[in-house]
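Just below is one structure, and these are the notes that go with it.
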Amino acid sequence: MAHSGPGFTGRQVWQRLMEGNMRFVQGLFQGRNLLDLRRTLAQGQQPEAAVLCCSDSRVPAEIIFDQSLGDLFVVRTAGLVLDPTSIGSLEYAVAHLHVPLLVIKGHEGCGAVTAAVEHPEATEGHIGSIITQISPAVDQARRNGHNAQDLIEATTDIHLKYLEETLCQVSSIIREAIDAGRLEVVVAKYFLHAGQVQPLTSTF
């Protein structure tokens, strides 16, 4: 993503990310001089989007969107679950880095969601705290009548939408930025086999 200063709208940034994802799908990555970028970025950062995504090693946002150093402010937790520090990190991107776009990017075949569906009583270490956050989405997916075959993906989609709602409820910084038109939000899902990111909801 070329850094030509602030002024891009969330919609414009999302369009650029989707163009990058198409390059990723096709294997046509943009060439970059990382040495020059590294030197330039030592002076400061101006990312154009914040991304909340999963810690899963197969889904790094920078690669999936064909971005580079300085382009994305990324917060990664297993299952995208939220805690005060991850919320605070996103708030920092909104309040101090002035990103115009927040992307909540989940993915198919999520291990954290699978665990919440198949092992809801797991208490190993702190892993249970991850499952606890995803459990409401599991319950909703079951109430919606999804069978075992598609329960994991249905839960994932519900969980991602819950995350957007939760962020708006618990973060006045994020909510006020959205209300003021300074921040757009896209909830999206990455498909492992196709390599594509597809939006589920957006504020556009």
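If you're wondering about the labels, chains in the structure tokens are A, B, ... by order shown, residues count from 1 in each chain, ligands from 1 in order shown.
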Check which residues of region 37-64 of chain A sit at most 9 Å from region 85-96 of chain A using only C-alpha atoms, and return one row each with the closest pair of atoms and their distance in Å to one decimal, ordered by chain and rising number, as CSV.
```
residue,atom,partner,partner_atom,distance
A:Pro47,CA,A:Ala93,CA,8.4
A:Ala49,CA,A:Ala93,CA,8.1
A:Ala50,CA,A:Ala93,CA,6.4
A:Val51,CA,A:Leu90,CA,8.1
A:Leu52,CA,A:Leu90,CA,7.9
```
Print the selection's residues with N, CA and C atoms to a file, as a PDB file, in the first residue's frame.
```pdb
ATOM      1  N   PRO A  47      -0.014   3.660   9.539  1.00  0.00           N
ATOM      2  CA  PRO A  47      -0.777   2.572   8.917  1.00  0.00           C
ATOM      3  C   PRO A  47      -2.136   3.063   8.447  1.00  0.00           C
ATOM      4  N   ALA A  49      -4.850   0.964   8.101  1.00  0.00           N
ATOM      5  CA  ALA A  49      -5.944   0.166   8.647  1.00  0.00           C
ATOM      6  C   ALA A  49      -5.465  -0.561   9.896  1.00  0.00           C
ATOM      7  N   ALA A  50      -6.396  -0.799  10.799  1.00  0.00           N
ATOM      8  CA  ALA A  50      -6.158  -1.702  11.926  1.00  0.00           C
ATOM      9  C   ALA A  50      -6.872  -3.003  11.607  1.00  0.00           C
ATOM     10  N   VAL A  51      -6.250  -4.116  11.952  1.00  0.00           N
ATOM     11  CA  VAL A  51      -6.836  -5.423  11.664  1.00  0.00           C
ATOM     12  C   VAL A  51      -6.815  -6.270  12.927  1.00  0.00           C
ATOM     13  N   LEU A  52      -7.978  -6.760  13.309  1.00  0.00           N
ATOM     14  CA  LEU A  52      -8.082  -7.756  14.368  1.00  0.00           C
ATOM     15  C   LEU A  52      -8.216  -9.101  13.676  1.00  0.00           C
TER      16      LEU A  52
END
```
Handout entry: Residue set, region 21-154 of chain A restricted to helix (DSSP H, G or I), as a count of residues only
Key = 62
Problem - Closest of A:Ile173, A:Leu163, A:Leu28, A:Ile130 to Gly79 (chain A) - atom-to-atom distances counting only C-alpha atoms - result: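 Checking each candidate against Gly79 (chain A), we get A:Ile130 as the closest.
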Problem - Nearest-residue call for Asp66 (chain A), choices A:Gly44, A:Arg23, A:Gly10, A:Lys105, using only C-alpha atoms - result: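 Of A:Gly44, A:Arg23, A:Gly10, A:Lys105, the one nearest Asp66 (chain A), counting only C-alpha atoms, is A:Arg23.
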Practice task
Extract, using only C-alpha atoms, all DNA, RNA and protein residues at most 10 Å from Arg182 (chain A), discarding same-chain residues fewer than 5 positions from it, and format them as a PyMOL selection string.
Solution key: chain A and resi 9-10+94+98-101+174+176-177
Quick one: write out the picked residues with all heavy atoms as a PDB file, in the first residue's frame?
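Result went into selection_13.pdb, see below:
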```
ATOM      1  N   THR A   9     -10.253   7.393   2.719  1.00  0.00           N
ATOM      2  CA  THR A   9     -11.431   6.967   3.461  1.00  0.00           C
ATOM      3  C   THR A   9     -11.311   5.477   3.766  1.00  0.00           C
ATOM      4  O   THR A   9     -10.521   4.747   3.149  1.00  0.00           O
ATOM      5  CB  THR A   9     -12.709   7.213   2.653  1.00  0.00           C
ATOM      6  OG1 THR A   9     -12.691   6.349   1.495  1.00  0.00           O
ATOM      7  CG2 THR A   9     -12.821   8.663   2.219  1.00  0.00           C
ATOM      8  N   GLY A  10     -12.121   5.022   4.715  1.00  0.00           N
ATOM      9  CA  GLY A  10     -12.141   3.600   5.014  1.00  0.00           C
ATOM     10  C   GLY A  10     -12.501   2.773   3.801  1.00  0.00           C
ATOM     11  O   GLY A  10     -11.929   1.707   3.556  1.00  0.00           O
ATOM     12  N   VAL A  94      -6.931   3.747  16.466  1.00  0.00           N
ATOM     13  CA  VAL A  94      -8.003   4.659  16.078  1.00  0.00           C
ATOM     14  C   VAL A  94      -7.736   6.078  16.587  1.00  0.00           C
ATOM     15  O   VAL A  94      -7.833   7.057  15.837  1.00  0.00           O
ATOM     16  CB  VAL A  94      -9.360   4.147  16.607  1.00  0.00           C
ATOM     17  CG1 VAL A  94     -10.464   5.180  16.399  1.00  0.00           C
ATOM     18  CG2 VAL A  94      -9.723   2.828  15.929  1.00  0.00           C
ATOM     19  N   HIS A  98      -4.990   7.286  13.894  1.00  0.00           N
ATOM     20  CA  HIS A  98      -6.066   7.816  13.049  1.00  0.00           C
ATOM     21  C   HIS A  98      -6.363   6.943  11.829  1.00  0.00           C
ATOM     22  O   HIS A  98      -6.604   7.448  10.733  1.00  0.00           O
ATOM     23  CB  HIS A  98      -5.735   9.243  12.607  1.00  0.00           C
ATOM     24  CG  HIS A  98      -5.345  10.134  13.744  1.00  0.00           C
ATOM     25  ND1 HIS A  98      -6.233  10.493  14.738  1.00  0.00           N
ATOM     26  CD2 HIS A  98      -4.155  10.712  14.067  1.00  0.00           C
ATOM     27  CE1 HIS A  98      -5.605  11.268  15.620  1.00  0.00           C
ATOM     28  NE2 HIS A  98      -4.357  11.416  15.243  1.00  0.00           N
ATOM     29  N   VAL A  99      -6.339   5.624  12.029  1.00  0.00           N
ATOM     30  CA  VAL A  99      -6.689   4.745  10.912  1.00  0.00           C
ATOM     31  C   VAL A  99      -8.153   4.970  10.549  1.00  0.00           C
ATOM     32  O   VAL A  99      -9.009   5.123  11.429  1.00  0.00           O
ATOM     33  CB  VAL A  99      -6.445   3.257  11.258  1.00  0.00           C
ATOM     34  CG1 VAL A  99      -4.972   2.976  11.475  1.00  0.00           C
ATOM     35  CG2 VAL A  99      -7.263   2.818  12.462  1.00  0.00           C
ATOM     36  N   PRO A 100      -8.489   4.995   9.261  1.00  0.00           N
ATOM     37  CA  PRO A 100      -9.878   5.183   8.853  1.00  0.00           C
ATOM     38  C   PRO A 100     -10.654   3.881   8.725  1.00  0.00           C
ATOM     39  O   PRO A 100     -11.846   3.892   8.439  1.00  0.00           O
ATOM     40  CB  PRO A 100      -9.742   5.855   7.484  1.00  0.00           C
ATOM     41  CG  PRO A 100      -8.485   5.260   6.919  1.00  0.00           C
ATOM     42  CD  PRO A 100      -7.567   5.074   8.099  1.00  0.00           C
ATOM     43  N   LEU A 101      -9.946   2.749   8.926  1.00  0.00           N
ATOM     44  CA  LEU A 101     -10.581   1.445   8.701  1.00  0.00           C
ATOM     45  C   LEU A 101     -10.160   0.459   9.773  1.00  0.00           C
ATOM     46  O   LEU A 101      -8.982   0.355  10.112  1.00  0.00           O
ATOM     47  CB  LEU A 101     -10.182   0.893   7.328  1.00  0.00           C
ATOM     48  CG  LEU A 101     -10.741  -0.492   6.963  1.00  0.00           C
ATOM     49  CD1 LEU A 101     -12.255  -0.442   6.775  1.00  0.00           C
ATOM     50  CD2 LEU A 101     -10.068  -1.032   5.693  1.00  0.00           C
ATOM     51  N   ILE A 174     -13.816   3.743  19.889  1.00  0.00           N
ATOM     52  CA  ILE A 174     -14.189   3.160  18.603  1.00  0.00           C
ATOM     53  C   ILE A 174     -15.601   3.586  18.212  1.00  0.00           C
ATOM     54  O   ILE A 174     -15.847   3.984  17.071  1.00  0.00           O
ATOM     55  CB  ILE A 174     -14.054   1.619  18.659  1.00  0.00           C
ATOM     56  CG1 ILE A 174     -12.574   1.238  18.747  1.00  0.00           C
ATOM     57  CG2 ILE A 174     -14.717   0.971  17.441  1.00  0.00           C
ATOM     58  CD1 ILE A 174     -12.311  -0.243  18.966  1.00  0.00           C
ATOM     59  N   GLU A 176     -17.329   6.247  19.088  1.00  0.00           N
ATOM     60  CA  GLU A 176     -17.407   7.668  18.733  1.00  0.00           C
ATOM     61  C   GLU A 176     -16.758   7.947  17.382  1.00  0.00           C
ATOM     62  O   GLU A 176     -17.232   8.800  16.631  1.00  0.00           O
ATOM     63  CB  GLU A 176     -16.763   8.518  19.833  1.00  0.00           C
ATOM     64  CG  GLU A 176     -17.598   8.542  21.118  1.00  0.00           C
ATOM     65  CD  GLU A 176     -16.835   9.123  22.300  1.00  0.00           C
ATOM     66  OE1 GLU A 176     -15.703   9.633  22.095  1.00  0.00           O
ATOM     67  OE2 GLU A 176     -17.368   9.051  23.428  1.00  0.00           O
ATOM     68  N   ALA A 177     -15.677   7.216  17.063  1.00  0.00           N
ATOM     69  CA  ALA A 177     -15.034   7.394  15.758  1.00  0.00           C
ATOM     70  C   ALA A 177     -15.958   6.951  14.634  1.00  0.00           C
ATOM     71  O   ALA A 177     -16.017   7.580  13.569  1.00  0.00           O
ATOM     72  CB  ALA A 177     -13.717   6.625  15.714  1.00  0.00           C
TER      73      ALA A 177
END
```
Need to verify the contact set: Ile134 (chain A), 10 Å, only C-alpha atoms, exclusion of same-chain residues closer than 6 positions in sequence. Can you return it as an mmCIF file with N, CA and C atoms, in the first residue's frame?
```cif
data_model
loop_
_atom_site.group_PDB
_atom_site.id
_atom_site.type_symbol
_atom_site.label_atom_id
_atom_site.label_comp_id
_atom_site.auth_asym_id
_atom_site.auth_seq_id
_atom_site.Cartn_x
_atom_site.Cartn_y
_atom_site.Cartn_z
ATOM 1 N N GLY A 79 -8.726 -16.997 17.932
ATOM 2 C CA GLY A 79 -10.157 -16.795 17.819
ATOM 3 C C GLY A 79 -10.577 -15.338 17.830
ATOM 4 N N LEU A 80 -9.625 -14.423 17.725
ATOM 5 C CA LEU A 80 -9.874 -12.971 17.752
ATOM 6 C C LEU A 80 -10.481 -12.515 19.069
ATOM 7 N N VAL A 81 -10.355 -13.316 20.131
ATOM 8 C CA VAL A 81 -11.015 -12.953 21.380
ATOM 9 C C VAL A 81 -10.426 -11.658 21.931
ATOM 10 N N ALA A 112 -9.849 -22.295 17.336
ATOM 11 C CA ALA A 112 -10.458 -21.807 18.572
ATOM 12 C C ALA A 112 -11.966 -22.005 18.536
ATOM 13 N N VAL A 113 -12.578 -21.729 17.401
ATOM 14 C CA VAL A 113 -14.022 -21.936 17.264
ATOM 15 C C VAL A 113 -14.341 -23.425 17.321
ATOM 16 N N THR A 114 -13.535 -24.225 16.665
ATOM 17 C CA THR A 114 -13.743 -25.677 16.693
ATOM 18 C C THR A 114 -13.696 -26.198 18.122
ATOM 19 N N ALA A 115 -12.740 -25.711 18.895
ATOM 20 C CA ALA A 115 -12.627 -26.125 20.297
ATOM 21 C C ALA A 115 -13.862 -25.708 21.087
ATOM 22 N N ALA A 116 -14.358 -24.502 20.828
ATOM 23 C CA ALA A 116 -15.541 -24.022 21.547
ATOM 24 C C ALA A 116 -16.768 -24.864 21.213
ATOM 25 N N VAL A 117 -16.838 -25.355 19.974
ATOM 26 C CA VAL A 117 -17.964 -26.190 19.551
ATOM 27 C C VAL A 117 -17.828 -27.612 20.095
ATOM 28 N N PRO A 120 -16.472 -27.589 24.791
ATOM 29 C CA PRO A 120 -16.874 -26.370 25.501
ATOM 30 C C PRO A 120 -16.456 -26.333 26.969
ATOM 31 N N THR A 155 -20.924 -20.715 13.551
ATOM 32 C CA THR A 155 -20.464 -20.112 14.799
ATOM 33 C C THR A 155 -19.425 -19.036 14.520
ATOM 34 N N THR A 156 -18.512 -19.323 13.615
ATOM 35 C CA THR A 156 -17.477 -18.345 13.270
ATOM 36 C C THR A 156 -18.094 -17.048 12.774
ATOM 37 N N ILE A 158 -21.105 -15.830 13.281
ATOM 38 C CA ILE A 158 -21.804 -15.142 14.370
ATOM 39 C C ILE A 158 -20.812 -14.499 15.324
ATOM 40 N N HIS A 159 -19.762 -15.221 15.669
ATOM 41 C CA HIS A 159 -18.731 -14.712 16.575
ATOM 42 C C HIS A 159 -18.094 -13.440 16.025
ATOM 43 N N LEU A 160 -17.808 -13.419 14.737
ATOM 44 C CA LEU A 160 -17.178 -12.240 14.134
ATOM 45 C C LEU A 160 -18.108 -11.030 14.226
ATOM 46 N N TYR A 162 -20.477 -10.640 16.471
ATOM 47 C CA TYR A 162 -20.517 -10.293 17.894
ATOM 48 C C TYR A 162 -19.335 -9.411 18.272
ATOM 49 N N LEU A 163 -18.165 -9.698 17.695
ATOM 50 C CA LEU A 163 -16.971 -8.922 18.015
ATOM 51 C C LEU A 163 -17.152 -7.456 17.657
#
```
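Among the candidate residues A:Arg39, A:His119, A:Arg175, A:His193, the one lying nearest to Gly70 (chain A) is A:Arg39, with distances computed using only C-alpha atoms.
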Problem - For Val59 (chain A): contacts at 9 Å, only C-alpha atoms, fewer than 4 positions along chain excluded, given as number ranges by chain - result: A: 53-55, 63-64, 106-107, 190, 192
